[in-house]
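Visitor: You'll find coords39.cif just under this line, and it carries mmCIF, C-alpha atoms.
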data_model
#
loop_
_atom_site.label_atom_id
_atom_site.label_comp_id
_atom_site.auth_asym_id
_atom_site.auth_seq_id
_atom_site.Cartn_x
_atom_site.Cartn_y
_atom_site.Cartn_z
CA MET A 1 14.90 40.83 87.93
CA LEU A 2 15.45 41.38 84.21
CA GLU A 3 16.94 37.95 83.81
CA ALA A 4 14.23 36.36 85.91
CA HIS A 5 11.62 37.60 83.42
CA GLY A 6 13.61 36.33 80.44
CA ALA A 7 14.02 39.76 78.88
CA SER A 8 17.77 39.92 79.24
CA ARG A 9 21.06 38.17 79.74
CA LEU A 10 23.89 39.49 81.90
CA LEU A 11 26.86 40.28 79.66
CA VAL A 12 29.42 41.76 82.04
CA THR A 13 29.31 42.94 85.66
CA PHE A 14 30.73 45.84 87.64
CA ASN A 15 32.99 43.34 89.32
CA ASP A 16 34.35 42.16 85.96
CA ALA A 17 35.30 45.71 85.02
CA ILE A 18 36.39 47.04 88.41
CA PRO A 19 36.83 44.12 90.84
CA GLY A 20 35.72 44.87 94.38
CA TYR A 21 34.12 48.15 93.35
CA VAL A 22 33.04 50.05 96.46
CA PHE A 23 29.65 51.48 95.63
CA GLY A 24 29.17 53.93 98.45
CA GLY A 25 29.19 54.70 102.11
CA ILE A 26 27.35 56.19 105.05
CA PHE A 27 28.07 59.79 105.98
CA PHE A 28 27.17 62.18 108.76
CA SER A 29 27.63 65.92 108.85
CA ASN A 30 30.72 67.05 110.73
CA GLU A 31 28.49 69.05 113.03
CA PHE A 32 26.47 66.00 114.04
CA ILE A 33 29.61 63.91 114.50
CA ASN A 34 31.17 66.56 116.72
CA ARG A 35 28.03 67.08 118.80
CA HIS A 36 26.99 63.43 119.09
CA PRO A 37 29.99 61.14 118.69
CA GLU A 38 28.49 58.45 120.92
CA GLN A 39 25.35 58.32 118.79
CA VAL A 40 27.47 57.89 115.67
CA LYS A 41 29.35 55.04 117.35
CA ALA A 42 26.11 53.39 118.49
CA PHE A 43 24.66 53.72 115.00
CA LEU A 44 27.73 52.07 113.49
CA ARG A 45 27.74 49.25 116.03
CA GLY A 46 24.19 48.43 114.97
CA LEU A 47 25.09 48.72 111.30
CA VAL A 48 28.14 46.48 111.56
CA ASN A 49 26.04 43.96 113.48
CA ALA A 50 23.63 44.03 110.53
CA PHE A 51 26.52 43.33 108.14
CA GLU A 52 27.46 40.34 110.28
CA PHE A 53 23.84 39.16 110.44
CA ILE A 54 23.66 39.19 106.62
CA ARG A 55 26.85 37.16 106.33
CA LYS A 56 25.65 34.59 108.85
CA ASP A 57 21.98 34.24 107.87
CA GLU A 58 21.50 35.71 104.43
CA ALA A 59 18.15 34.02 103.81
CA LYS A 60 16.61 35.48 106.96
CA ALA A 61 18.10 38.86 106.14
CA ARG A 62 16.54 38.78 102.68
CA GLU A 63 13.11 38.21 104.21
CA THR A 64 13.21 41.85 105.35
CA ILE A 65 13.50 43.23 101.82
CA PRO A 66 9.85 43.11 100.62
CA LYS A 67 8.61 45.17 103.58
CA TYR A 68 11.06 48.03 103.00
CA ALA A 69 11.99 47.91 99.30
CA HIS A 70 8.53 46.94 98.10
CA VAL A 71 9.68 44.15 95.81
CA GLU A 72 8.19 40.70 95.49
CA ARG A 73 9.55 38.06 97.84
CA ASP A 74 10.87 35.85 95.03
CA VAL A 75 12.85 38.80 93.66
CA ALA A 76 14.12 39.62 97.14
CA MET A 77 15.31 36.07 97.70
CA LYS A 78 17.15 35.83 94.35
CA SER A 79 18.55 39.29 93.67
CA ALA A 80 22.27 39.78 94.08
CA ILE A 81 23.30 41.70 97.15
CA ARG A 82 26.50 43.53 97.91
CA GLN A 83 29.31 42.07 99.96
CA PHE A 84 29.34 43.62 103.41
CA GLU A 85 32.34 43.35 105.71
CA ASP A 86 33.12 45.68 108.62
CA GLY A 87 32.58 49.07 107.01
CA ARG A 88 36.23 49.51 106.09
CA GLU A 89 37.66 49.10 102.59
CA PRO A 90 41.28 48.80 101.45
CA LYS A 91 42.84 52.17 100.75
CA ALA A 92 44.30 50.74 97.54
CA GLN A 93 40.82 49.94 96.25
CA LEU A 94 39.49 53.41 97.05
CA SER A 95 42.56 55.01 95.48
CA LYS A 96 42.17 52.89 92.37
CA GLN A 97 38.59 54.03 91.93
CA MET A 98 39.66 57.63 92.43
CA GLU A 99 42.40 57.25 89.82
CA LEU A 100 39.84 55.97 87.34
CA MET A 101 37.64 58.98 88.05
CA VAL A 102 40.54 61.33 87.36
CA ARG A 103 41.62 59.40 84.25
CA TYR A 104 38.15 59.60 82.71
CA GLY A 105 37.54 63.20 83.68
CA PHE A 106 35.01 62.68 86.46
CA LEU A 107 37.24 64.25 89.11
CA SER A 108 39.48 67.22 88.43
CA GLU A 109 42.27 66.12 90.77
CA PRO A 110 43.06 63.41 93.34
CA VAL A 111 41.75 63.97 96.85
CA PRO A 112 43.36 62.51 100.00
CA ILE A 113 40.99 59.75 101.11
CA GLU A 114 41.50 60.79 104.73
CA LYS A 115 39.87 64.10 103.94
CA VAL A 116 36.46 62.49 103.60
CA VAL A 117 36.73 59.13 105.38
CA ASP A 118 36.92 58.64 109.15
CA TYR A 119 36.85 55.08 110.47
CA SER A 120 37.41 56.10 114.08
CA TYR A 121 33.73 55.72 115.00
CA LEU A 122 33.53 52.13 113.74
CA PRO A 123 33.79 49.30 116.26
CA LYS A 124 37.33 47.89 116.46
CA MET B 1 29.66 72.13 84.85
CA ARG B 2 28.18 75.50 85.77
CA ARG B 3 25.05 73.79 87.09
CA ASN B 4 27.22 71.61 89.33
CA ALA B 5 29.01 74.66 90.62
CA VAL B 6 25.69 76.28 91.50
CA ILE B 7 24.58 73.14 93.34
CA TRP B 8 27.77 73.04 95.36
CA VAL B 9 27.49 76.71 96.19
CA MET B 10 23.94 76.05 97.41
CA LEU B 11 25.17 73.17 99.54
CA MET B 12 27.90 75.35 101.02
CA PHE B 13 25.29 78.02 101.72
CA LEU B 14 23.17 75.49 103.54
CA ALA B 15 26.23 74.38 105.46
CA GLY B 16 26.81 77.97 106.46
CA LEU B 17 23.33 78.16 107.91
CA ALA B 18 23.81 75.03 109.88
CA PRO B 19 25.52 76.19 113.11
CA GLY B 20 22.92 76.84 115.71
CA SER B 21 20.02 76.30 113.32
CA THR B 22 20.09 72.54 113.03
CA PRO B 23 17.03 70.95 114.61
CA ALA B 24 18.68 69.26 117.52
CA PRO B 25 18.39 65.52 117.71
CA ALA B 26 18.17 64.25 121.24
CA ALA B 27 21.34 64.84 123.21
CA ASP B 28 23.61 61.88 123.91
CA ASN B 29 22.48 61.66 127.51
CA GLN B 30 18.76 61.53 126.74
CA ALA B 31 16.86 58.27 126.98
CA THR B 32 16.29 57.38 123.34
CA PRO B 33 18.10 59.55 120.83
CA VAL B 34 16.57 59.60 117.35
CA ILE B 35 18.68 59.45 114.21
CA ARG B 36 17.05 60.11 110.87
CA ILE B 37 18.98 58.52 108.03
CA SER B 38 18.30 58.49 104.30
CA TYR B 39 17.68 55.35 102.34
CA GLY B 40 16.69 54.68 98.75
CA MET B 41 14.18 51.88 99.20
CA PHE B 42 16.60 49.69 97.25
CA ILE B 43 17.63 46.09 97.83
CA ASP B 44 21.12 47.52 98.34
CA ASP B 45 19.88 49.09 101.59
CA LEU B 46 19.50 45.61 103.08
CA PRO B 47 21.65 46.28 106.19
CA PHE B 48 19.25 49.05 107.20
CA TYR B 49 16.28 46.71 106.94
CA VAL B 50 18.02 44.03 108.96
CA ALA B 51 19.01 46.52 111.65
CA MET B 52 15.42 47.75 111.86
CA GLU B 53 13.79 44.32 111.95
CA GLU B 54 16.31 42.79 114.35
CA GLN B 55 16.23 45.90 116.55
CA LEU B 56 20.00 46.19 116.31
CA TRP B 57 19.93 49.96 116.83
CA GLU B 58 17.46 49.76 119.67
CA ARG B 59 19.89 47.44 121.44
CA GLU B 60 22.46 50.22 121.11
CA GLY B 61 20.06 52.71 122.67
CA LEU B 62 19.06 54.44 119.44
CA LYS B 63 15.84 54.95 117.59
CA VAL B 64 16.54 55.17 113.85
CA GLU B 65 14.08 56.50 111.32
CA LEU B 66 14.64 55.71 107.65
CA VAL B 67 13.80 58.65 105.41
CA ARG B 68 13.44 57.96 101.72
CA LEU B 69 15.64 60.35 99.76
CA VAL B 70 17.47 59.87 96.47
CA GLY B 71 20.18 61.87 94.78
CA GLU B 72 23.40 62.73 96.57
CA THR B 73 22.81 66.47 96.30
CA ASN B 74 19.41 66.18 97.97
CA ILE B 75 20.74 63.88 100.65
CA MET B 76 23.73 66.05 101.52
CA ALA B 77 21.61 69.18 101.54
CA ALA B 78 19.11 67.51 103.89
CA ALA B 79 21.93 66.47 106.22
CA LEU B 80 23.52 69.90 106.23
CA LYS B 81 20.15 71.49 106.99
CA GLY B 82 19.57 69.02 109.81
CA ASP B 83 16.48 67.42 108.27
CA ILE B 84 18.35 64.13 108.52
CA GLN B 85 21.48 63.34 110.48
CA GLY B 86 23.18 61.18 107.86
CA GLY B 87 22.70 59.18 104.75
CA HIS B 88 24.16 57.12 101.99
CA ILE B 89 26.54 58.59 99.45
CA ASP B 90 28.16 56.97 96.45
CA HIS B 91 31.93 56.85 96.19
CA PRO B 92 32.25 59.51 93.45
CA ALA B 93 30.00 61.95 95.34
CA ALA B 94 32.06 61.46 98.49
CA LEU B 95 35.20 62.48 96.61
CA HIS B 96 33.49 65.50 95.11
CA ALA B 97 32.32 66.48 98.58
CA ALA B 98 35.91 66.29 99.79
CA LEU B 99 37.14 68.33 96.85
CA LYS B 100 34.59 71.02 97.69
CA ASN B 101 35.39 70.92 101.40
CA LEU B 102 31.82 70.04 102.33
CA PRO B 103 31.55 69.42 106.08
CA ILE B 104 30.72 65.73 105.99
CA LYS B 105 32.56 62.50 106.74
CA VAL B 106 32.05 58.99 105.42
CA VAL B 107 32.12 56.89 108.58
CA ALA B 108 31.62 53.47 106.97
CA TRP B 109 31.53 51.96 103.51
CA PHE B 110 28.34 50.26 102.48
CA GLY B 111 29.20 47.21 100.42
CA ARG B 112 31.28 46.27 97.44
CA ALA B 113 30.97 44.33 94.20
CA HIS B 114 31.94 40.66 94.21
CA LYS B 115 31.84 37.58 91.97
CA GLY B 116 28.10 37.20 92.51
CA THR B 117 27.33 40.81 91.59
CA ARG B 118 24.60 41.11 88.97
CA CYS B 119 24.92 44.86 88.34
CA GLY B 120 26.37 45.40 84.92
CA ILE B 121 25.37 45.36 81.27
CA HIS B 122 22.22 43.39 80.59
CA VAL B 123 21.62 42.65 76.91
CA ASP B 124 18.42 41.85 75.11
CA ALA B 125 18.17 38.09 75.32
CA GLN B 126 17.46 37.94 71.56
CA SER B 127 20.19 40.39 70.53
CA GLY B 128 22.92 37.90 69.70
CA ILE B 129 25.44 39.98 71.65
CA GLN B 130 27.99 37.58 73.15
CA ASN B 131 30.72 39.90 74.42
CA VAL B 132 31.50 43.57 74.93
CA ALA B 133 33.09 43.86 71.47
CA ASP B 134 29.76 42.81 69.96
CA MET B 135 28.28 45.98 71.46
CA LYS B 136 29.88 48.04 68.68
CA GLY B 137 27.15 49.93 66.86
CA ARG B 138 24.51 48.92 69.41
CA ARG B 139 22.41 51.10 71.70
CA LEU B 140 23.18 51.08 75.41
CA ALA B 141 20.97 52.81 77.99
CA MET B 142 22.28 53.87 81.35
CA SER B 143 21.78 56.40 84.09
CA GLY B 144 23.83 59.55 84.00
CA SER B 145 25.53 58.67 87.26
CA ILE B 146 29.30 58.82 87.51
CA THR B 147 29.28 55.24 88.82
CA ALA B 148 27.63 53.98 85.62
CA LYS B 149 29.81 56.15 83.39
CA LEU B 150 32.98 55.02 85.16
CA PHE B 151 32.05 51.38 84.63
CA TYR B 152 31.27 52.06 80.99
CA GLN B 153 34.48 53.99 80.32
CA GLU B 154 36.59 51.28 81.91
CA LEU B 155 34.86 48.64 79.81
CA LEU B 156 35.60 50.63 76.65
CA THR B 157 39.28 50.80 77.61
CA GLN B 158 39.51 47.11 78.48
CA ASN B 159 37.91 46.14 75.18
CA ALA B 160 39.80 48.60 72.97
CA LEU B 161 36.62 50.43 72.07
CA LYS B 162 36.21 54.17 71.64
CA GLU B 163 33.47 56.50 72.70
CA GLY B 164 31.08 56.56 69.80
CA ASP B 165 31.55 52.87 69.04
CA ILE B 166 28.52 52.28 71.23
CA GLN B 167 25.49 54.55 71.07
CA THR B 168 24.73 55.58 74.64
CA ILE B 169 21.37 56.80 75.86
CA MET B 170 21.62 58.49 79.23
CA GLY B 171 18.91 58.94 81.82
CA ILE B 172 17.58 55.51 82.73
CA LYS B 173 17.86 54.97 86.45
CA LEU B 174 19.76 51.95 87.73
CA ASP B 175 16.97 51.07 90.14
CA ASP B 176 14.05 51.29 87.74
CA ALA B 177 13.67 47.64 86.75
CA MET B 178 10.29 48.04 85.08
CA LYS B 179 11.65 50.70 82.72
CA HIS B 180 14.60 48.45 81.90
CA GLU B 181 12.37 45.59 80.93
CA ALA B 182 10.08 47.79 78.84
CA ALA B 183 13.04 49.30 76.99
CA LEU B 184 14.50 45.92 76.15
CA ARG B 185 11.23 44.28 75.20
CA SER B 186 10.27 47.19 72.93
CA LYS B 187 13.68 46.91 71.21
CA GLY B 188 14.26 50.58 72.02
CA VAL B 189 17.74 49.64 73.17
CA ASP B 190 19.97 46.60 72.86
CA ALA B 191 21.43 46.72 76.34
CA ILE B 192 21.12 48.45 79.69
CA VAL B 193 23.52 49.20 82.51
CA ALA B 194 21.53 48.08 85.53
#
When written as structure tokens, how does the structure in this file appear?

Guide:
Amino acid sequence: MLEAHGASRLLVTFNDAIPGYVFGGIFFSNEFINRHPEQVKAFLRGLVNAFEFIRKDEAKARETIPKYAHVERDVAMKSAIRQFEDGREPKAQLSKQMELMVRYGFLSEPVPIEKVVDYSYLPK
Amino acid sequence: MRRNAVIWVMLMFLAGLAPGSTPAPAADNQATPVIRISYGMFIDDLPFYVAMEEQLWEREGLKVELVRLVGETNIMAAALKGDIQGGHIDHPAALHAALKNLPIKVVAWFGRAHKGTRCGIHVDAQSGIQNVADMKGRRLAMSGSITAKLFYQELLTQNALKEGDIQTIMGIKLDDAMKHEAALRSKGVDAIVA
């Protein structure tokens, strides 16, 4: 958006600094997962289908943005979007990001990824 | 640091209240279970919008309600109270949650950076800044998020710069495009992480 208005120029991106940076994820409380595992699985099937829809028909997917994000259509059609795959990310990538957090003092110690991530509800 | 500790203690307290007090979403065997999930009203939430418009969750027998919430602490607290069933969480917050033994699980990741990513350092078009080294002595605005700080620290390392070489101004939100533009146009800063 900034570039579109001529105010700025992109100097360097997240991907330049930390290639493949995983921005975030979707979580549920353990209690909800334990009480409603089938709902979690159904939710994730729909979500992964949305990822696939975006990969196959990005333009149509982008048409949904103005209604929900309240941005102008031309911005919605041009803005960069994240790369969505199947909800899983390489452990090496996640570990690398964690190591950077520890190195720069944003995390006091490494944490086993398995402690917070559970892919077992994702479609195969 | 102490403030963070207080927040985590509050979250743990909320988690402790959760058993038996969570407003029950519809049981798995009911006709149309409802899941309330947080979103930020950002372009990055695109998969949610697609799933809503294409009725991808309805096809799976779910009704999903998007609830606008921002800030990982707020989102996790809402989930642990049962106001929502789940939400989005950035990678650093997920690790902090694990470190604090918060009772949540990341069940899917929600997108990664790639060659077409436009998130990064945006410089004033008139600034003459051509590379990261040119940022020395300039003013850079960014949010106080760990994600933005991590990116910044790694850039310093890669470009043999030290903290202090660039004057950082914390507090501008990554999603607030109008503020970004105003800051650059007014020459209040030379660059923004956005």

Visitor: Taking 5 positions as the minimum chain separation for residues in the same chain, which residues sit within 8 Å of range 9-14 of chain A when counting only C-alpha atoms? Answer as a list in words.

Guide: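 Listing them by chain and then by number gives Leu2, Glu3, Pro19 and Tyr21 of chain A; Ala113, Thr117, Arg118, Cys119, Gly120, Ile121, His122, Val123, Asp124, Ala125, Gln130, Asn131, Val132 and Phe151 of chain B.
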
Visitor: Which of these, B:Leu161, B:Ala182, B:Ala108, B:Leu66, has the shortest distance to chain A once you count all atoms listed in the file?

Guide: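 The shortest atom-to-atom distance to chain A comes from B:Ala108.
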
Visitor: Show me a table, sorted first by chain and then by increasing residue number, of the residues of chain A having an atom at most 7 Å from chain B, each with its shortest atom pair and the distance in Å to one decimal, counting only C-alpha atoms and written as CSV.

Guide:
residue,atom,partner,partner_atom,distance
A:Leu2,CA,B:Glu181,CA,6.2
A:Ala7,CA,B:Ala125,CA,5.7
A:Ser8,CA,B:Ala125,CA,4.3
A:Arg9,CA,B:Ala125,CA,5.3
A:Leu10,CA,B:His122,CA,4.4
A:Leu11,CA,B:Ile121,CA,5.5
A:Val12,CA,B:Ile121,CA,5.5
A:Thr13,CA,B:Gly120,CA,3.9
A:Phe14,CA,B:Gly120,CA,5.2
A:Asn15,CA,B:Ala113,CA,5.4
A:Ala17,CA,B:Leu155,CA,6.0
A:Pro19,CA,B:Ala113,CA,6.8
A:Gly20,CA,B:Ala113,CA,4.8
A:Tyr21,CA,B:Ala113,CA,5.0
A:Val22,CA,B:Arg112,CA,4.3
A:Phe23,CA,B:Asp90,CA,5.7
A:Gly24,CA,B:Asp90,CA,3.8
A:Gly25,CA,B:Trp109,CA,3.9
A:Ile26,CA,B:His88,CA,4.5
A:Phe27,CA,B:Val106,CA,4.1
A:Phe28,CA,B:Gly86,CA,4.2
A:Ser29,CA,B:Ile104,CA,4.2
A:Asn30,CA,B:Ile104,CA,4.9
A:Phe32,CA,B:Gln85,CA,6.7
A:His36,CA,B:Asp28,CA,6.1
A:Glu38,CA,B:Asp28,CA,6.7
A:Gln39,CA,B:Asp28,CA,6.5
A:Ala42,CA,B:Glu60,CA,5.5
A:Phe43,CA,B:Trp57,CA,6.3
A:Gly46,CA,B:Trp57,CA,4.9
A:Leu47,CA,B:Ala51,CA,6.5
A:Ala50,CA,B:Pro47,CA,5.3
A:Phe51,CA,B:Pro47,CA,6.0
A:Ala61,CA,B:Val50,CA,5.9
A:Thr64,CA,B:Tyr49,CA,6.0
A:Ile65,CA,B:Ile43,CA,6.4
A:Tyr68,CA,B:Met41,CA,6.2
A:Ala69,CA,B:Met41,CA,4.5
A:Ala80,CA,B:Thr117,CA,5.7
A:Ile81,CA,B:Asp44,CA,6.3
A:Arg82,CA,B:Gly111,CA,5.2
A:Gln83,CA,B:Gly111,CA,5.2
A:Phe84,CA,B:Gly111,CA,4.7
A:Gly87,CA,B:Ala108,CA,4.5
A:Arg88,CA,B:Trp109,CA,5.9
A:Glu89,CA,B:Trp109,CA,6.8
A:Met101,CA,B:Leu150,CA,6.8
A:Phe106,CA,B:Ile146,CA,7.0
A:Val111,CA,B:Leu99,CA,6.3
A:Lys115,CA,B:Ala98,CA,6.1
A:Val116,CA,B:Lys105,CA,5.0
A:Val117,CA,B:Val106,CA,4.7
A:Asp118,CA,B:Val107,CA,5.1
A:Tyr119,CA,B:Val107,CA,5.4
A:Tyr121,CA,B:Val107,CA,6.7

Visitor: Quick one: distance from CA of Pro90 in chain A to CA of Met142 in chain B in Å, one decimal?

Guide: 28.1 Å

Visitor: Calculate how many Å separate CA of Leu107 in chain A from CA of Gln93 in chain A, rounding to one decimal.

Guide: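 Pair CA of Leu107 in chain A / CA of Gln93 in chain A returns 16.4 Å.
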
Visitor: CA of Glu31 in chain A and CA of Arg36 in chain B are how many Å apart?

Guide: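 Spanning CA of Glu31 in chain A to CA of Arg36 in chain B is a straight-line distance of 14.7 Å.
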
Visitor: Could you work out an axis-aligned bounding box for all listed atoms of range 75-89 of chain A, with 8 Å added on each of the six sides, and give its centre and edge lengths in Å to one decimal, as lines of an AutoDock Vina configuration file?

Guide:
center_x = 25.3
center_y = 42.7
center_z = 101.1
size_x = 40.8
size_y = 29.7
size_z = 31.0

Visitor: Would you mind telling me which residue in A:Lys56, A:Glu72, A:Asp16, A:Asp86 lies nearest to Lys124 in chain A when using all atoms listed in the file?

Guide: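 With all atoms listed in the file as the atom set, the closest residue is A:Asp86.
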